[in-house]
>>> print(open('my_file.pdb').read())   # PDB, C-alpha atoms
MODEL        1
ATOM      1  CA  MET L 728     133.197 106.489  46.234  1.00  0.00           C
ATOM      2  CA  PHE L 729     132.517 103.229  48.026  1.00  0.00           C
ATOM      3  CA  SER L 730     129.221 102.938  49.840  1.00  0.00           C
ATOM      4  CA  TRP L 731     127.843 100.202  52.014  1.00  0.00           C
ATOM      5  CA  THR L 732     124.505 100.520  50.265  1.00  0.00           C
ATOM      6  CA  SER L 733     126.135  99.789  46.911  1.00  0.00           C
ATOM      7  CA  LEU L 734     127.920  96.767  48.344  1.00  0.00           C
ATOM      8  CA  LEU L 735     124.699  95.490  49.877  1.00  0.00           C
ATOM      9  CA  PHE L 736     122.863  95.993  46.572  1.00  0.00           C
ATOM     10  CA  VAL L 737     125.539  94.062  44.637  1.00  0.00           C
ATOM     11  CA  LEU L 738     125.524  91.207  47.153  1.00  0.00           C
ATOM     12  CA  CYS L 739     121.737  91.014  47.199  1.00  0.00           C
ATOM     13  CA  SER L 740     121.419  91.036  43.432  1.00  0.00           C
ATOM     14  CA  SER L 741     123.968  88.263  43.007  1.00  0.00           C
ATOM     15  CA  LEU L 742     122.511  86.090  45.761  1.00  0.00           C
ATOM     16  CA  THR L 743     118.816  86.692  45.073  1.00  0.00           C
ATOM     17  CA  PRO L 744     118.264  83.686  42.770  1.00  0.00           C
ATOM     18  CA  VAL L 745     119.778  81.362  45.365  1.00  0.00           C
ATOM     19  CA  LEU L 746     118.399  82.899  48.544  1.00  0.00           C
ATOM     20  CA  CYS L 747     114.865  83.281  47.209  1.00  0.00           C
ATOM     21  CA  CYS L 748     114.743  79.752  45.957  1.00  0.00           C
ATOM     22  CA  ASP L 749     113.291  77.535  48.675  1.00  0.00           C
ATOM     23  CA  TRP L 750     113.446  74.690  46.199  1.00  0.00           C
ATOM     24  CA  LEU L 751     117.202  74.412  46.715  1.00  0.00           C
ATOM     25  CA  THR L 752     116.658  73.350  50.320  1.00  0.00           C
ATOM     26  CA  GLN L 753     114.463  70.476  49.115  1.00  0.00           C
ATOM     27  CA  TYR L 754     116.593  69.594  46.116  1.00  0.00           C
ATOM     28  CA  THR L 755     118.778  66.921  47.704  1.00  0.00           C
ATOM     29  CA  HIS L 756     115.763  64.963  48.895  1.00  0.00           C
ATOM     30  CA  LEU L 757     113.889  65.277  45.588  1.00  0.00           C
ATOM     31  CA  SER L 758     116.997  64.506  43.564  1.00  0.00           C
ATOM     32  CA  ASN L 759     117.746  61.383  45.596  1.00  0.00           C
ATOM     33  CA  THR L 760     114.106  60.338  45.295  1.00  0.00           C
ATOM     34  CA  SER L 761     114.111  60.698  41.500  1.00  0.00           C
ATOM     35  CA  LEU L 762     117.385  58.750  41.268  1.00  0.00           C
ATOM     36  CA  ASN L 763     115.941  55.965  43.426  1.00  0.00           C
ATOM     37  CA  HIS L 764     112.824  55.767  41.267  1.00  0.00           C
ATOM     38  CA  ILE L 765     114.802  55.601  38.030  1.00  0.00           C
ATOM     39  CA  ARG L 766     116.898  52.760  39.453  1.00  0.00           C
ATOM     40  CA  ARG L 767     113.810  50.851  40.613  1.00  0.00           C
ATOM     41  CA  MET L 768     111.824  51.428  37.394  1.00  0.00           C
ATOM     42  CA  GLY L 769     113.644  48.655  35.602  1.00  0.00           C
ATOM     43  CA  GLY L 770     116.297  46.063  36.065  1.00  0.00           C
ATOM     44  CA  GLN L 771     120.036  46.425  35.610  1.00  0.00           C
ATOM     45  CA  LEU L 772     120.964  49.509  33.600  1.00  0.00           C
ATOM     46  CA  THR L 773     122.266  48.716  30.145  1.00  0.00           C
ATOM     47  CA  TYR L 774     125.964  48.794  29.371  1.00  0.00           C
ATOM     48  CA  GLN L 775     125.214  49.692  25.765  1.00  0.00           C
ATOM     49  CA  GLN L 776     126.664  53.010  24.627  1.00  0.00           C
ATOM     50  CA  SER L 777     124.307  55.775  23.633  1.00  0.00           C
ATOM     51  CA  PRO L 778     124.424  56.717  19.941  1.00  0.00           C
ATOM     52  CA  VAL L 779     124.522  60.364  21.081  1.00  0.00           C
ATOM     53  CA  PRO L 780     127.584  61.460  23.075  1.00  0.00           C
ATOM     54  CA  PHE L 781     126.884  62.859  26.533  1.00  0.00           C
ATOM     55  CA  PRO L 782     127.020  66.696  26.448  1.00  0.00           C
ATOM     56  CA  ASP L 783     130.008  67.115  28.785  1.00  0.00           C
ATOM     57  CA  LYS L 784     130.872  70.404  27.077  1.00  0.00           C
ATOM     58  CA  LEU L 785     127.489  71.902  27.988  1.00  0.00           C
ATOM     59  CA  TYR L 786     127.897  70.879  31.608  1.00  0.00           C
ATOM     60  CA  ARG L 787     131.417  72.321  31.786  1.00  0.00           C
ATOM     61  CA  ARG L 788     130.188  75.585  30.275  1.00  0.00           C
ATOM     62  CA  ILE L 789     127.198  75.900  32.613  1.00  0.00           C
ATOM     63  CA  TRP L 790     129.396  75.132  35.619  1.00  0.00           C
ATOM     64  CA  MET L 791     131.064  78.525  35.059  1.00  0.00           C
ATOM     65  CA  ALA L 792     127.847  80.468  34.379  1.00  0.00           C
ATOM     66  CA  LYS L 793     125.886  82.705  36.731  1.00  0.00           C
ATOM     67  CA  VAL L 794     123.566  81.069  39.233  1.00  0.00           C
ATOM     68  CA  GLU L 795     120.369  82.086  37.455  1.00  0.00           C
ATOM     69  CA  SER L 796     121.640  80.557  34.191  1.00  0.00           C
ATOM     70  CA  GLN L 797     122.534  77.392  36.064  1.00  0.00           C
ATOM     71  CA  LEU L 798     119.070  77.172  37.584  1.00  0.00           C
ATOM     72  CA  VAL L 799     117.486  77.676  34.150  1.00  0.00           C
ATOM     73  CA  PHE L 800     119.737  74.906  32.816  1.00  0.00           C
ATOM     74  CA  VAL L 801     118.637  72.544  35.591  1.00  0.00           C
ATOM     75  CA  ARG L 802     114.961  73.405  35.088  1.00  0.00           C
ATOM     76  CA  ASP L 803     115.150  73.027  31.312  1.00  0.00           C
ATOM     77  CA  SER L 804     117.077  69.767  31.607  1.00  0.00           C
ATOM     78  CA  LEU L 805     114.378  68.362  33.877  1.00  0.00           C
ATOM     79  CA  GLU L 806     111.657  69.535  31.459  1.00  0.00           C
ATOM     80  CA  LEU L 807     113.448  67.906  28.541  1.00  0.00           C
ATOM     81  CA  ILE L 808     113.922  64.699  30.543  1.00  0.00           C
ATOM     82  CA  SER L 809     110.223  64.693  31.376  1.00  0.00           C
ATOM     83  CA  ASP L 810     109.387  65.223  27.702  1.00  0.00           C
ATOM     84  CA  LEU L 811     111.371  62.098  26.789  1.00  0.00           C
ATOM     85  CA  TYR L 812     108.968  60.024  28.856  1.00  0.00           C
ATOM     86  CA  GLN L 813     105.816  61.572  27.357  1.00  0.00           C
ATOM     87  CA  HIS L 814     106.019  59.355  24.314  1.00  0.00           C
ATOM     88  CA  ASP L 815     103.537  57.140  22.462  1.00  0.00           C
ATOM     89  CA  ASN L 816     105.946  54.194  22.221  1.00  0.00           C
ATOM     90  CA  LEU L 817     106.576  53.959  25.966  1.00  0.00           C
ATOM     91  CA  SER L 818     104.452  50.801  26.084  1.00  0.00           C
ATOM     92  CA  SER L 819     107.403  48.666  24.961  1.00  0.00           C
ATOM     93  CA  ALA L 820     109.407  49.706  28.025  1.00  0.00           C
ATOM     94  CA  THR L 821     109.358  46.910  30.588  1.00  0.00           C
ATOM     95  CA  TRP L 822     109.396  49.244  33.555  1.00  0.00           C
ATOM     96  CA  ASP L 823     107.401  49.144  36.734  1.00  0.00           C
ATOM     97  CA  THR L 824     104.552  51.533  35.920  1.00  0.00           C
ATOM     98  CA  ILE L 825     104.125  52.768  39.496  1.00  0.00           C
ATOM     99  CA  GLU L 826     107.847  53.574  39.832  1.00  0.00           C
ATOM    100  CA  THR L 827     107.774  55.305  36.457  1.00  0.00           C
ATOM    101  CA  GLU L 828     104.756  57.359  37.508  1.00  0.00           C
ATOM    102  CA  HIS L 829     106.427  58.300  40.807  1.00  0.00           C
ATOM    103  CA  PHE L 830     109.624  59.220  38.955  1.00  0.00           C
ATOM    104  CA  LEU L 831     107.760  61.578  36.618  1.00  0.00           C
ATOM    105  CA  THR L 832     105.833  63.098  39.535  1.00  0.00           C
ATOM    106  CA  VAL L 833     109.071  63.913  41.363  1.00  0.00           C
ATOM    107  CA  ILE L 834     110.569  65.413  38.192  1.00  0.00           C
ATOM    108  CA  ASP L 835     107.442  67.578  37.792  1.00  0.00           C
ATOM    109  CA  ARG L 836     107.744  68.721  41.425  1.00  0.00           C
ATOM    110  CA  GLN L 837     111.322  69.763  40.764  1.00  0.00           C
ATOM    111  CA  ILE L 838     110.316  71.693  37.642  1.00  0.00           C
ATOM    112  CA  ASP L 839     107.511  73.450  39.513  1.00  0.00           C
ATOM    113  CA  GLY L 840     109.903  74.367  42.310  1.00  0.00           C
ATOM    114  CA  LEU L 841     112.447  75.749  39.903  1.00  0.00           C
ATOM    115  CA  ASN L 842     109.818  77.805  38.145  1.00  0.00           C
ATOM    116  CA  THR L 843     109.471  79.754  41.397  1.00  0.00           C
ATOM    117  CA  CYS L 844     113.202  80.527  41.260  1.00  0.00           C
ATOM    118  CA  VAL L 845     113.711  81.628  37.677  1.00  0.00           C
ATOM    119  CA  SER L 846     111.758  83.437  35.030  1.00  0.00           C
ATOM    120  CA  THR L 847     109.579  81.160  32.973  1.00  0.00           C
ATOM    121  CA  ASN L 848     110.567  83.318  29.989  1.00  0.00           C
ATOM    122  CA  SER L 849     114.205  82.267  30.365  1.00  0.00           C
ATOM    123  CA  SER L 850     115.230  79.259  28.359  1.00  0.00           C
ATOM    124  CA  ALA L 851     118.320  77.139  28.172  1.00  0.00           C
ATOM    125  CA  ASP L 852     120.915  76.986  25.491  1.00  0.00           C
ATOM    126  CA  SER L 853     119.526  75.700  22.201  1.00  0.00           C
ATOM    127  CA  ARG L 854     122.341  73.128  22.194  1.00  0.00           C
ATOM    128  CA  LEU L 855     120.722  71.457  25.210  1.00  0.00           C
ATOM    129  CA  ARG L 856     117.432  71.135  23.347  1.00  0.00           C
ATOM    130  CA  LYS L 857     119.243  69.815  20.256  1.00  0.00           C
ATOM    131  CA  TYR L 858     121.011  67.199  22.369  1.00  0.00           C
ATOM    132  CA  TYR L 859     117.730  65.857  23.774  1.00  0.00           C
ATOM    133  CA  ARG L 860     116.091  65.930  20.349  1.00  0.00           C
ATOM    134  CA  ARG L 861     119.019  63.915  18.900  1.00  0.00           C
ATOM    135  CA  LEU L 862     118.899  61.504  21.825  1.00  0.00           C
ATOM    136  CA  GLU L 863     115.202  60.847  21.242  1.00  0.00           C
ATOM    137  CA  THR L 864     115.608  60.573  17.469  1.00  0.00           C
ATOM    138  CA  CYS L 865     118.624  58.253  17.584  1.00  0.00           C
ATOM    139  CA  THR L 866     117.146  55.938  20.184  1.00  0.00           C
ATOM    140  CA  VAL L 867     113.367  55.894  20.351  1.00  0.00           C
ATOM    141  CA  TYR L 868     112.378  56.964  16.828  1.00  0.00           C
ATOM    142  CA  ARG L 869     114.985  54.967  14.913  1.00  0.00           C
ATOM    143  CA  THR L 870     114.139  51.748  16.733  1.00  0.00           C
ATOM    144  CA  GLY L 871     110.393  52.200  16.828  1.00  0.00           C
ATOM    145  CA  GLY L 872     110.478  52.513  20.617  1.00  0.00           C
ATOM    146  CA  SER L 873     112.183  49.212  21.351  1.00  0.00           C
ATOM    147  CA  THR L 874     112.845  48.028  24.894  1.00  0.00           C
ATOM    148  CA  VAL L 875     116.584  48.541  24.311  1.00  0.00           C
ATOM    149  CA  SER L 876     116.067  52.166  23.266  1.00  0.00           C
ATOM    150  CA  TRP L 877     114.057  52.907  26.414  1.00  0.00           C
ATOM    151  CA  GLU L 878     116.772  51.355  28.572  1.00  0.00           C
ATOM    152  CA  LEU L 879     119.291  53.678  26.895  1.00  0.00           C
ATOM    153  CA  ILE L 880     117.015  56.626  27.676  1.00  0.00           C
ATOM    154  CA  ARG L 881     116.785  55.498  31.314  1.00  0.00           C
ATOM    155  CA  LYS L 882     120.562  55.139  31.539  1.00  0.00           C
ATOM    156  CA  GLU L 883     121.173  58.589  30.029  1.00  0.00           C
ATOM    157  CA  THR L 884     118.514  60.088  32.295  1.00  0.00           C
ATOM    158  CA  LYS L 885     120.298  58.712  35.344  1.00  0.00           C
ATOM    159  CA  LEU L 886     123.584  60.244  34.167  1.00  0.00           C
ATOM    160  CA  HIS L 887     121.918  63.636  33.709  1.00  0.00           C
ATOM    161  CA  LEU L 888     120.207  63.504  37.082  1.00  0.00           C
ATOM    162  CA  GLU L 889     123.546  62.745  38.745  1.00  0.00           C
ATOM    163  CA  ARG L 890     125.227  65.672  36.970  1.00  0.00           C
ATOM    164  CA  LEU L 891     122.373  68.024  37.812  1.00  0.00           C
ATOM    165  CA  HIS L 892     122.617  66.889  41.434  1.00  0.00           C
ATOM    166  CA  MET L 893     126.311  67.853  41.497  1.00  0.00           C
ATOM    167  CA  LEU L 894     125.582  71.204  39.835  1.00  0.00           C
ATOM    168  CA  VAL L 895     122.932  72.143  42.387  1.00  0.00           C
ATOM    169  CA  ALA L 896     125.184  70.984  45.240  1.00  0.00           C
ATOM    170  CA  SER L 897     127.812  73.370  43.876  1.00  0.00           C
ATOM    171  CA  ILE L 898     125.293  76.222  43.744  1.00  0.00           C
ATOM    172  CA  ARG L 899     124.260  75.556  47.338  1.00  0.00           C
ATOM    173  CA  ARG L 900     127.881  75.433  48.550  1.00  0.00           C
ATOM    174  CA  ARG L 901     128.705  78.717  46.848  1.00  0.00           C
ATOM    175  CA  SER L 902     125.617  80.408  48.245  1.00  0.00           C
ATOM    176  CA  GLN L 903     126.457  79.236  51.773  1.00  0.00           C
ATOM    177  CA  GLN L 904     130.044  80.479  51.400  1.00  0.00           C
ATOM    178  CA  GLN L 905     128.793  83.895  50.282  1.00  0.00           C
ATOM    179  CA  LEU L 906     126.607  84.310  53.350  1.00  0.00           C
TER
ENDMDL
END
>>> encode(input="my_file.pdb", output="structure tokens")
Amino acid sequence: MFSWTSLLFVLCSSLTPVLCCDWLTQYTHLSNTSLNHIRRMGGQLTYQQSPVPFPDKLYRRIWMAKVESQLVFVRDSLELISDLYQHDNLSSATWDTIETEHFLTVIDRQIDGLNTCVSTNSSADSRLRKYYRRLETCTVYRTGGSTVSWELIRKETKLHLERLHMLVASIRRRSQQQL
């Protein structure tokens, strides 16, 4: 038998990750800020291709997942991006140090905000972690942290931030439509 209480429970349980996440209301601003910092960190982005193909398949798969899984994916992606920049060989990067510092601060703010939305025990697909590990190995480690490798990292980071921005915009649109 249909009950309004059951319907309300189902709606609340499916919307809870989105509605309880104040971070989503700040996301557009923080995302735009991080993208601006990554652009201003260095000069023109490289046209060189990354030795590791962009994980389009992972993004397509997560696009169809539940909201909580999507938020975990965004959080873990930002953590893995941040980890790329916590490297000993960063000194060869010719970036503006203040812009780089501001960029990492904004990324950390996003991670902290997302941690209020999802369980810190939840973790992303191991394929996401493998992708970032391969990216770091094939660029930074194999070249000894050359300037070119760091520019590839910056370029790939920008691509990920843009994709994550679109993913969160999609989450916000769906949550507004469900209200």
>>> residues_around(input="my_file.pdb", residues="stretch 759-766 of chain L", least_positions_apart="5", cutoff="8 Å", atoms="only C-alpha atoms", output="CSV table (one decimal) with C-alpha atoms, in the coordinates of the input")
chain,number,residue,atom,x,y,z
L,772,LEU,CA,121.0,49.5,33.6
L,826,GLU,CA,107.8,53.6,39.8
L,827,THR,CA,107.8,55.3,36.5
L,829,HIS,CA,106.4,58.3,40.8
L,830,PHE,CA,109.6,59.2,39.0
L,833,VAL,CA,109.1,63.9,41.4
L,834,ILE,CA,110.6,65.4,38.2
L,881,ARG,CA,116.8,55.5,31.3
L,885,LYS,CA,120.3,58.7,35.3
L,888,LEU,CA,120.2,63.5,37.1
L,889,GLU,CA,123.5,62.7,38.7
>>> atom_distance(input="my_file.pdb", atom1="atom CA of L:Trp790", atom2="atom CA of L:Ile880")
23.6 Å
>>> axis_aligned_box(input="my_file.pdb", around="stretch 781-793 of chain L", padding_each_side="4 Å", output="JSON")
{"center_x": 128.7, "center_y": 72.8, "center_z": 31.6, "size_x": 13.5, "size_y": 27.8, "size_z": 18.3}
>>> residues_around(input="my_file.pdb", residues="L:Ser818", least_positions_apart="2", cutoff="10 Å", atoms="all atoms listed in the file", output="number ranges by chain")
L: 814-816, 820-822, 824, 872-874, 877
>>> atom_distance(input="my_file.pdb", atom1="atom CA of L:Arg787", atom2="atom CA of L:Arg869")
29.3 Å
>>> atom_distance(input="my_file.pdb", atom1="atom CA of L:Gln771", atom2="atom CA of L:Tyr754")
25.7 Å
>>> resolve_selection(input="my_file.pdb", expression="the PyMOL selection byres ((chain L and resi 774) around 10)", output="NGL selection string")
:L and (771-773 or 775-777 or 878-879 or 882)
>>> residues_around(input="my_file.pdb", residues="L:Ile789", least_positions_apart="6", cutoff="9 Å", atoms="all atoms listed in the file", output="PyMOL selection string")
chain L and resi 796-797+800+894
>>> closest_residue(input="my_file.pdb", among="L:Thr847, L:Glu863, L:Tyr786, L:Ile898", to="L:Gln813", atoms="only C-alpha atoms")
L:Glu863
>>> closest_residue(input="my_file.pdb", among="L:Leu886, L:Leu811, L:Leu862, L:Val799", to="L:Leu841", atoms="all atoms listed in the file")
L:Val799
>>> residues_around(input="my_file.pdb", residues="L:Arg856", least_positions_apart="4", cutoff="12 Å", atoms="all atoms listed in the file", output="list in words")
Pro782, Leu785, Phe800, Asp803, Ser804, Leu805, Glu806, Leu807, Ile808, Asp810, Leu811, Ser850, Ala851, Asp852, Arg860, Arg861, Leu862 and Glu863 of chain L
>>> resolve_selection(input="my_file.pdb", expression="the PyMOL selection byres ((chain L and resi 753) around 12)", output="ChimeraX atom specification")
/L:748-752,754-760,833,836-837,840-841,892,895-896,899
>>> build_atoms(input="my_file.pdb", residues="stretch 816-831 of chain L", atoms="N, CA, C and O atoms", output="PDB file, in the frame of the given file")
ATOM      1  N   ASN L 816     105.361  55.532  22.271  1.00  0.00           N
ATOM      2  CA  ASN L 816     105.946  54.194  22.221  1.00  0.00           C
ATOM      3  C   ASN L 816     106.465  53.699  23.571  1.00  0.00           C
ATOM      4  O   ASN L 816     107.204  52.737  23.628  1.00  0.00           O
ATOM      5  N   LEU L 817     106.094  54.344  24.639  1.00  0.00           N
ATOM      6  CA  LEU L 817     106.576  53.959  25.966  1.00  0.00           C
ATOM      7  C   LEU L 817     106.067  52.580  26.379  1.00  0.00           C
ATOM      8  O   LEU L 817     106.631  51.950  27.264  1.00  0.00           O
ATOM      9  N   SER L 818     105.047  52.085  25.716  1.00  0.00           N
ATOM     10  CA  SER L 818     104.452  50.801  26.084  1.00  0.00           C
ATOM     11  C   SER L 818     105.423  49.635  25.946  1.00  0.00           C
ATOM     12  O   SER L 818     105.271  48.615  26.619  1.00  0.00           O
ATOM     13  N   SER L 819     106.444  49.766  25.115  1.00  0.00           N
ATOM     14  CA  SER L 819     107.403  48.666  24.961  1.00  0.00           C
ATOM     15  C   SER L 819     108.446  48.645  26.080  1.00  0.00           C
ATOM     16  O   SER L 819     109.179  47.673  26.215  1.00  0.00           O
ATOM     17  N   ALA L 820     108.488  49.699  26.881  1.00  0.00           N
ATOM     18  CA  ALA L 820     109.407  49.706  28.025  1.00  0.00           C
ATOM     19  C   ALA L 820     108.873  48.724  29.061  1.00  0.00           C
ATOM     20  O   ALA L 820     107.675  48.670  29.325  1.00  0.00           O
ATOM     21  N   THR L 821     109.764  47.942  29.625  1.00  0.00           N
ATOM     22  CA  THR L 821     109.358  46.910  30.588  1.00  0.00           C
ATOM     23  C   THR L 821     109.504  47.396  32.022  1.00  0.00           C
ATOM     24  O   THR L 821     109.877  46.632  32.909  1.00  0.00           O
ATOM     25  N   TRP L 822     109.199  48.642  32.242  1.00  0.00           N
ATOM     26  CA  TRP L 822     109.396  49.244  33.555  1.00  0.00           C
ATOM     27  C   TRP L 822     108.188  49.053  34.451  1.00  0.00           C
ATOM     28  O   TRP L 822     107.065  48.918  33.987  1.00  0.00           O
ATOM     29  N   ASP L 823     108.454  49.131  35.733  1.00  0.00           N
ATOM     30  CA  ASP L 823     107.401  49.144  36.734  1.00  0.00           C
ATOM     31  C   ASP L 823     106.616  50.445  36.554  1.00  0.00           C
ATOM     32  O   ASP L 823     107.180  51.533  36.673  1.00  0.00           O
ATOM     33  N   THR L 824     105.342  50.343  36.239  1.00  0.00           N
ATOM     34  CA  THR L 824     104.552  51.533  35.920  1.00  0.00           C
ATOM     35  C   THR L 824     104.384  52.469  37.113  1.00  0.00           C
ATOM     36  O   THR L 824     104.369  53.691  36.943  1.00  0.00           O
ATOM     37  N   ILE L 825     104.280  51.918  38.309  1.00  0.00           N
ATOM     38  CA  ILE L 825     104.125  52.768  39.496  1.00  0.00           C
ATOM     39  C   ILE L 825     105.410  53.546  39.755  1.00  0.00           C
ATOM     40  O   ILE L 825     105.378  54.748  40.033  1.00  0.00           O
ATOM     41  N   GLU L 826     106.567  52.881  39.647  1.00  0.00           N
ATOM     42  CA  GLU L 826     107.847  53.574  39.832  1.00  0.00           C
ATOM     43  C   GLU L 826     108.040  54.648  38.768  1.00  0.00           C
ATOM     44  O   GLU L 826     108.524  55.744  39.061  1.00  0.00           O
ATOM     45  N   THR L 827     107.651  54.336  37.548  1.00  0.00           N
ATOM     46  CA  THR L 827     107.774  55.305  36.457  1.00  0.00           C
ATOM     47  C   THR L 827     106.891  56.517  36.729  1.00  0.00           C
ATOM     48  O   THR L 827     107.316  57.662  36.565  1.00  0.00           O
ATOM     49  N   GLU L 828     105.677  56.267  37.171  1.00  0.00           N
ATOM     50  CA  GLU L 828     104.756  57.359  37.508  1.00  0.00           C
ATOM     51  C   GLU L 828     105.314  58.213  38.649  1.00  0.00           C
ATOM     52  O   GLU L 828     105.269  59.444  38.594  1.00  0.00           O
ATOM     53  N   HIS L 829     105.838  57.561  39.680  1.00  0.00           N
ATOM     54  CA  HIS L 829     106.427  58.300  40.807  1.00  0.00           C
ATOM     55  C   HIS L 829     107.637  59.111  40.351  1.00  0.00           C
ATOM     56  O   HIS L 829     107.827  60.255  40.776  1.00  0.00           O
ATOM     57  N   PHE L 830     108.454  58.523  39.489  1.00  0.00           N
ATOM     58  CA  PHE L 830     109.624  59.220  38.955  1.00  0.00           C
ATOM     59  C   PHE L 830     109.194  60.512  38.253  1.00  0.00           C
ATOM     60  O   PHE L 830     109.725  61.587  38.518  1.00  0.00           O
ATOM     61  N   LEU L 831     108.218  60.409  37.372  1.00  0.00           N
ATOM     62  CA  LEU L 831     107.760  61.578  36.618  1.00  0.00           C
ATOM     63  C   LEU L 831     107.108  62.622  37.528  1.00  0.00           C
ATOM     64  O   LEU L 831     107.254  63.824  37.307  1.00  0.00           O
TER      65      LEU L 831
END
